[in-house]
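coords_18.tsv follows (TSV, C-alpha atoms):
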chain	number	residue	atom	x	y	z
A	1	MET	CA	-4.96	-65.28	-7.21
A	2	THR	CA	-4.62	-61.76	-8.71
A	3	VAL	CA	-4.08	-61.15	-12.42
A	4	PRO	CA	-2.45	-57.97	-13.85
A	5	SER	CA	-4.97	-55.68	-15.57
A	6	LYS	CA	-3.92	-55.77	-19.27
A	7	LEU	CA	-6.72	-57.90	-20.70
A	8	ALA	CA	-9.32	-59.00	-18.20
A	9	PRO	CA	-9.00	-62.75	-17.51
A	10	TRP	CA	-12.73	-63.32	-18.11
A	11	ARG	CA	-12.39	-62.04	-21.68
A	12	SER	CA	-10.87	-65.32	-22.97
A	13	PRO	CA	-13.69	-67.58	-21.68
A	14	LEU	CA	-16.28	-65.08	-22.94
A	15	ALA	CA	-14.59	-64.76	-26.35
A	16	ARG	CA	-14.48	-68.55	-26.59
A	17	ALA	CA	-18.20	-68.78	-25.74
A	18	ILE	CA	-19.07	-66.10	-28.32
A	19	HIS	CA	-17.02	-67.91	-30.97
A	20	ARG	CA	-18.38	-71.38	-30.20
A	21	ASN	CA	-21.98	-70.10	-30.23
A	22	ARG	CA	-21.61	-67.81	-33.26
A	23	SER	CA	-23.90	-69.96	-35.45
A	24	ARG	CA	-26.82	-69.21	-33.12
A	25	PRO	CA	-28.38	-65.78	-33.75
A	26	ASP	CA	-29.53	-65.61	-30.12
A	27	SER	CA	-25.91	-65.66	-28.91
A	28	ARG	CA	-25.72	-61.90	-29.60
A	29	TYR	CA	-28.48	-61.12	-27.11
A	30	LEU	CA	-28.00	-60.56	-23.40
A	31	GLN	CA	-30.22	-59.30	-20.62
A	32	LEU	CA	-29.34	-55.98	-19.04
A	33	ALA	CA	-30.79	-55.04	-15.66
A	34	THR	CA	-30.74	-51.52	-14.28
A	35	ILE	CA	-32.44	-49.97	-11.28
A	36	GLY	CA	-35.79	-48.41	-12.18
A	37	LEU	CA	-36.73	-44.95	-10.96
A	38	GLU	CA	-39.15	-46.56	-8.48
A	39	GLY	CA	-36.31	-48.66	-7.01
A	40	TYR	CA	-37.28	-51.94	-8.72
A	41	PRO	CA	-35.02	-53.88	-11.09
A	42	ALA	CA	-35.68	-53.14	-14.76
A	43	ASN	CA	-34.54	-55.86	-17.16
A	44	ARG	CA	-34.48	-55.97	-20.94
A	45	THR	CA	-32.79	-57.80	-23.80
A	46	VAL	CA	-30.10	-55.89	-25.69
A	47	VAL	CA	-27.75	-56.68	-28.56
A	48	PHE	CA	-24.02	-57.03	-27.91
A	49	ARG	CA	-22.13	-54.70	-30.30
A	50	GLY	CA	-18.56	-55.62	-29.33
A	51	PHE	CA	-15.93	-54.43	-26.89
A	52	CYS	CA	-14.18	-51.10	-26.57
A	53	GLU	CA	-11.28	-49.93	-24.43
A	54	GLY	CA	-10.36	-53.50	-23.60
A	55	ASP	CA	-13.23	-54.82	-21.55
A	56	ARG	CA	-16.22	-52.48	-21.91
A	57	LEU	CA	-19.26	-54.10	-23.50
A	58	MET	CA	-21.03	-51.97	-26.10
A	59	ILE	CA	-24.75	-51.74	-26.74
A	60	ILE	CA	-26.79	-49.05	-28.46
A	61	SER	CA	-29.92	-47.29	-27.29
A	62	ASP	CA	-32.23	-44.34	-27.70
A	63	THR	CA	-31.70	-41.46	-25.27
A	64	ARG	CA	-35.49	-41.16	-25.06
A	65	SER	CA	-35.82	-44.66	-23.55
A	66	ALA	CA	-36.45	-45.34	-19.86
A	67	LYS	CA	-33.11	-47.11	-19.44
A	68	ILE	CA	-31.23	-43.87	-20.10
A	69	ASP	CA	-33.14	-42.07	-17.32
A	70	GLN	CA	-32.38	-45.04	-15.05
A	71	ILE	CA	-28.66	-44.93	-15.90
A	72	GLN	CA	-28.51	-41.20	-15.18
A	73	THR	CA	-29.99	-41.88	-11.73
A	74	CYS	CA	-27.94	-45.02	-10.95
A	75	THR	CA	-25.10	-46.29	-13.14
A	76	SER	CA	-24.99	-49.73	-11.48
A	77	ALA	CA	-26.16	-52.59	-13.71
A	78	GLU	CA	-25.81	-56.29	-14.35
A	79	ALA	CA	-25.92	-58.22	-17.61
A	80	CYS	CA	-26.77	-61.89	-17.83
A	81	TRP	CA	-25.63	-63.68	-20.97
A	82	TYR	CA	-26.49	-67.33	-21.58
A	83	PHE	CA	-24.96	-69.39	-24.35
A	84	ALA	CA	-27.21	-72.37	-25.09
A	85	LYS	CA	-24.83	-74.39	-27.27
A	86	THR	CA	-21.99	-74.44	-24.72
A	87	ARG	CA	-24.31	-74.17	-21.69
A	88	GLU	CA	-22.47	-71.22	-20.14
A	89	GLN	CA	-23.74	-68.22	-18.25
A	90	PHE	CA	-21.89	-64.96	-17.68
A	91	ARG	CA	-23.26	-62.49	-15.13
A	92	ILE	CA	-21.43	-59.21	-15.64
A	93	ARG	CA	-21.85	-56.48	-13.02
A	94	GLY	CA	-20.49	-52.98	-13.36
A	95	ASP	CA	-21.25	-49.38	-14.20
A	96	LEU	CA	-22.90	-47.98	-17.30
A	97	SER	CA	-22.04	-44.82	-19.18
A	98	VAL	CA	-23.97	-43.17	-22.00
A	99	ILE	CA	-22.12	-41.75	-25.01
A	100	THR	CA	-24.04	-39.09	-26.92
A	101	ALA	CA	-23.10	-36.58	-29.61
A	102	ASP	CA	-21.89	-34.12	-26.96
A	103	CYS	CA	-19.44	-36.56	-25.33
A	104	GLN	CA	-16.13	-34.83	-24.53
A	105	ASP	CA	-14.02	-37.83	-25.64
A	106	PRO	CA	-13.50	-37.65	-29.44
A	107	ALA	CA	-12.66	-41.37	-29.70
A	108	LEU	CA	-15.94	-42.34	-28.04
A	109	ARG	CA	-17.88	-39.84	-30.19
A	110	ASN	CA	-16.32	-41.42	-33.29
A	111	LEU	CA	-17.14	-44.91	-32.02
A	112	ARG	CA	-20.79	-43.87	-31.67
A	113	VAL	CA	-20.77	-42.70	-35.30
A	114	GLN	CA	-19.14	-45.95	-36.48
A	115	LEU	CA	-21.78	-48.04	-34.72
A	116	TRP	CA	-24.52	-45.98	-36.39
A	117	GLN	CA	-22.90	-46.49	-39.79
A	118	ASN	CA	-22.65	-50.26	-39.20
A	119	LEU	CA	-26.37	-50.63	-38.46
A	120	SER	CA	-28.75	-52.05	-41.04
A	121	ASP	CA	-31.19	-49.64	-42.68
A	122	ALA	CA	-34.04	-51.26	-40.71
A	123	ALA	CA	-32.22	-50.76	-37.39
A	124	ARG	CA	-31.46	-47.11	-38.18
A	125	GLN	CA	-35.08	-46.53	-39.21
A	126	GLN	CA	-36.30	-47.54	-35.71
A	127	PHE	CA	-34.63	-44.40	-34.38
A	128	MET	CA	-37.02	-42.36	-36.58
A	129	TRP	CA	-39.97	-43.75	-34.65
A	130	PRO	CA	-41.68	-41.89	-31.78
A	131	ALA	CA	-40.14	-41.97	-28.30
A	132	PRO	CA	-40.11	-45.47	-26.75
A	133	GLY	CA	-42.73	-46.15	-24.08
A	134	LYS	CA	-45.10	-43.34	-25.08
A	135	VAL	CA	-48.75	-44.01	-25.98
A	136	ARG	CA	-48.83	-45.48	-29.47
A	137	GLN	CA	-50.38	-43.56	-32.33
A	138	SER	CA	-50.37	-45.73	-35.46
A	139	SER	CA	-49.73	-42.74	-37.72
A	140	ASP	CA	-46.51	-41.84	-35.89
A	141	PHE	CA	-44.28	-44.49	-37.49
A	142	SER	CA	-42.10	-43.07	-40.22
A	143	THR	CA	-40.85	-45.17	-43.12
A	144	ALA	CA	-38.27	-42.52	-44.07
A	145	GLN	CA	-34.64	-43.56	-43.94
A	146	PRO	CA	-32.30	-41.46	-41.79
A	147	ASP	CA	-28.86	-40.46	-42.99
A	148	ASN	CA	-26.60	-43.51	-42.84
A	149	GLN	CA	-23.49	-41.44	-41.99
A	150	ASP	CA	-24.61	-39.03	-39.25
A	151	PRO	CA	-26.48	-40.48	-36.27
A	152	LEU	CA	-29.74	-39.00	-35.14
A	153	PRO	CA	-29.30	-36.92	-31.96
A	154	HIS	CA	-31.07	-39.46	-29.72
A	155	PHE	CA	-28.93	-42.41	-30.88
A	156	CYS	CA	-26.45	-43.30	-28.15
A	157	LEU	CA	-23.80	-45.80	-27.24
A	158	VAL	CA	-24.05	-47.44	-23.82
A	159	LEU	CA	-20.91	-48.93	-22.28
A	160	LEU	CA	-20.85	-51.47	-19.46
A	161	LYS	CA	-17.56	-51.39	-17.55
A	162	PRO	CA	-17.37	-54.68	-15.63
A	163	SER	CA	-16.21	-54.88	-12.04
A	164	HIS	CA	-17.49	-58.39	-11.25
A	165	VAL	CA	-17.97	-61.34	-13.61
A	166	ASP	CA	-19.51	-64.65	-12.57
A	167	HIS	CA	-18.88	-67.41	-15.15
A	168	LEU	CA	-20.85	-70.64	-14.72
A	169	SER	CA	-20.24	-73.60	-17.03
A	170	LEU	CA	-23.15	-76.04	-16.75
A	171	ARG	CA	-21.34	-78.89	-18.50
A	172	GLY	CA	-19.80	-81.65	-16.45
A	173	THR	CA	-20.26	-82.89	-12.92
A	174	PRO	CA	-19.50	-80.97	-10.86
A	175	GLN	CA	-20.08	-77.84	-12.89
A	176	ASP	CA	-17.40	-75.13	-13.01
A	177	ARG	CA	-17.87	-71.63	-11.68
A	178	VAL	CA	-15.32	-68.81	-11.50
A	179	ILE	CA	-15.78	-65.31	-10.10
A	180	TYR	CA	-13.63	-62.45	-11.38
A	181	THR	CA	-13.51	-59.30	-9.24
A	182	TYR	CA	-11.82	-56.04	-10.18
A	183	THR	CA	-9.73	-54.76	-7.27
A	184	ALA	CA	-8.96	-51.23	-6.07
A	185	GLU	CA	-5.36	-51.84	-7.18
A	186	GLY	CA	-6.49	-52.21	-10.82
A	187	ASP	CA	-6.11	-55.98	-11.08
A	188	TRP	CA	-8.57	-58.83	-11.45
A	189	GLN	CA	-8.89	-61.37	-8.69
A	190	VAL	CA	-9.83	-64.84	-10.00
A	191	GLN	CA	-11.61	-67.23	-7.61
A	192	PRO	CA	-13.02	-70.67	-8.49
A	193	VAL	CA	-16.14	-71.27	-6.34
A	194	ASN	CA	-18.72	-74.00	-5.87
A	195	PRO	CA	-21.39	-73.97	-8.58
Encoding of this model in structure tokens:
Amino acid sequence: MTVPSKLAPWRSPLARAIHRNRSRPDSRYLQLATIGLEGYPANRTVVFRGFCEGDRLMIISDTRSAKIDQIQTCTSAEACWYFAKTREQFRIRGDLSVITADCQDPALRNLRVQLWQNLSDAARQQFMWPAPGKVRQSSDFSTAQPDNQDPLPHFCLVLLKPSHVDHLSLRGTPQDRVIYTYTAEGDWQVQPVNP
């Protein structure tokens, strides 16, 4: 079955899972895997910051982090998001893009600024710290607060544009599993499969 491409058909089950798990702080965290520069998978936990342009997942990062170098080498990635309360897993495969201050799209530049402004003071302060992954020097950690309106240059928005979503519901016997695949024609193919 093919579904027209207005709102991706996997968005409703994911929105429902987010809503039903909203009381659990861990429901905002998902794992994002990229391809490391040595060719190995590189996985980390990130915070979901919402959707943009319909179905792109938003996260934030530091341009000095290893994941940004990995994205510049290979944009392919997969997120795995598990919701404990409803016992659902979403594996979301697609391509990543990095939005920095020099992005040519004014709407995406503005979105980056809005996300910065919505961060807590503690979250913004982490971007004042030394570059991630470098040898730690205890004196390097600043307690100064950055401007809450203008993002620091190395603050970036990372967008995951899905092309394949695997939704597994672990409740019931048998369990339900549906795979959503974005087609070359710009539609989503929806296929129930064995769990």
Is there a way to get, as a ChimeraX atom specification, all residues within 9 Å of the point (-21.4, -37.4, -28.1) in file coordinates, counting only C-alpha atoms? /A:98-106,108-110,112-113,153,156-157
Emit the selected residues as an mmCIF file, in the coordinates of the input, including C-alpha atoms.
data_model
loop_
_atom_site.group_PDB
_atom_site.id
_atom_site.type_symbol
_atom_site.label_atom_id
_atom_site.label_comp_id
_atom_site.auth_asym_id
_atom_site.auth_seq_id
_atom_site.Cartn_x
_atom_site.Cartn_y
_atom_site.Cartn_z
ATOM 1 C CA VAL A 98 -23.970 -43.170 -22.000
ATOM 2 C CA ILE A 99 -22.120 -41.750 -25.010
ATOM 3 C CA THR A 100 -24.040 -39.090 -26.920
ATOM 4 C CA ALA A 101 -23.100 -36.580 -29.610
ATOM 5 C CA ASP A 102 -21.890 -34.120 -26.960
ATOM 6 C CA CYS A 103 -19.440 -36.560 -25.330
ATOM 7 C CA GLN A 104 -16.130 -34.830 -24.530
ATOM 8 C CA ASP A 105 -14.020 -37.830 -25.640
ATOM 9 C CA PRO A 106 -13.500 -37.650 -29.440
ATOM 10 C CA LEU A 108 -15.940 -42.340 -28.040
ATOM 11 C CA ARG A 109 -17.880 -39.840 -30.190
ATOM 12 C CA ASN A 110 -16.320 -41.420 -33.290
ATOM 13 C CA ARG A 112 -20.790 -43.870 -31.670
ATOM 14 C CA VAL A 113 -20.770 -42.700 -35.300
ATOM 15 C CA PRO A 153 -29.300 -36.920 -31.960
ATOM 16 C CA CYS A 156 -26.450 -43.300 -28.150
ATOM 17 C CA LEU A 157 -23.800 -45.800 -27.240
#
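Taking all atoms listed in the file, the non-local environment of region 64-66 of chain A within 7 Å (same-chain residues fewer than 4 positions away omitted) comprises Gln70, Ala131, Pro132 and His154 of chain A.
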Taking into account all atoms listed in the file, which residue in the set A:Ile60, A:Ile179, A:Leu111, A:Ile68 is nearest to Pro13 (chain A)?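 Looking only at the distances to Pro13 (chain A), the closest residue turns out to be A:Ile179.
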Wanna dump the region 70-161 of chain A-region 17-30 of chain A contacts at 6 Å for me, each residue with its shortest atom pair and the distance in Å to one decimal, counting all atoms listed in the file, ordered by chain and number, as JSON lines?
{"residue": "A:Cys80", "atom": "CA", "partner": "A:Leu30", "partner_atom": "CA", "distance": 5.9}
{"residue": "A:Trp81", "atom": "CA", "partner": "A:Leu30", "partner_atom": "CA", "distance": 4.6}
{"residue": "A:Phe83", "atom": "CA", "partner": "A:Ser27", "partner_atom": "CA", "distance": 6.0}
{"residue": "A:Lys85", "atom": "CA", "partner": "A:Asn21", "partner_atom": "CA", "distance": 5.9}
Based on the selection just made, write C-alpha atoms of those residues as a PDB file, in the coordinates of the input.
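What landed in part-v6.pdb:
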ATOM      1  CA  CYS A  80     -26.770 -61.890 -17.830  1.00  0.00           C
ATOM      2  CA  TRP A  81     -25.630 -63.680 -20.970  1.00  0.00           C
ATOM      3  CA  PHE A  83     -24.960 -69.390 -24.350  1.00  0.00           C
ATOM      4  CA  LYS A  85     -24.830 -74.390 -27.270  1.00  0.00           C
TER       5      LYS A  85
END
Distance in Å - CA of Leu37 (chain A) versus CA of Arg93 (chain A):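 Result for CA of Leu37 (chain A) versus CA of Arg93 (chain A): 18.9 Å, one decimal.
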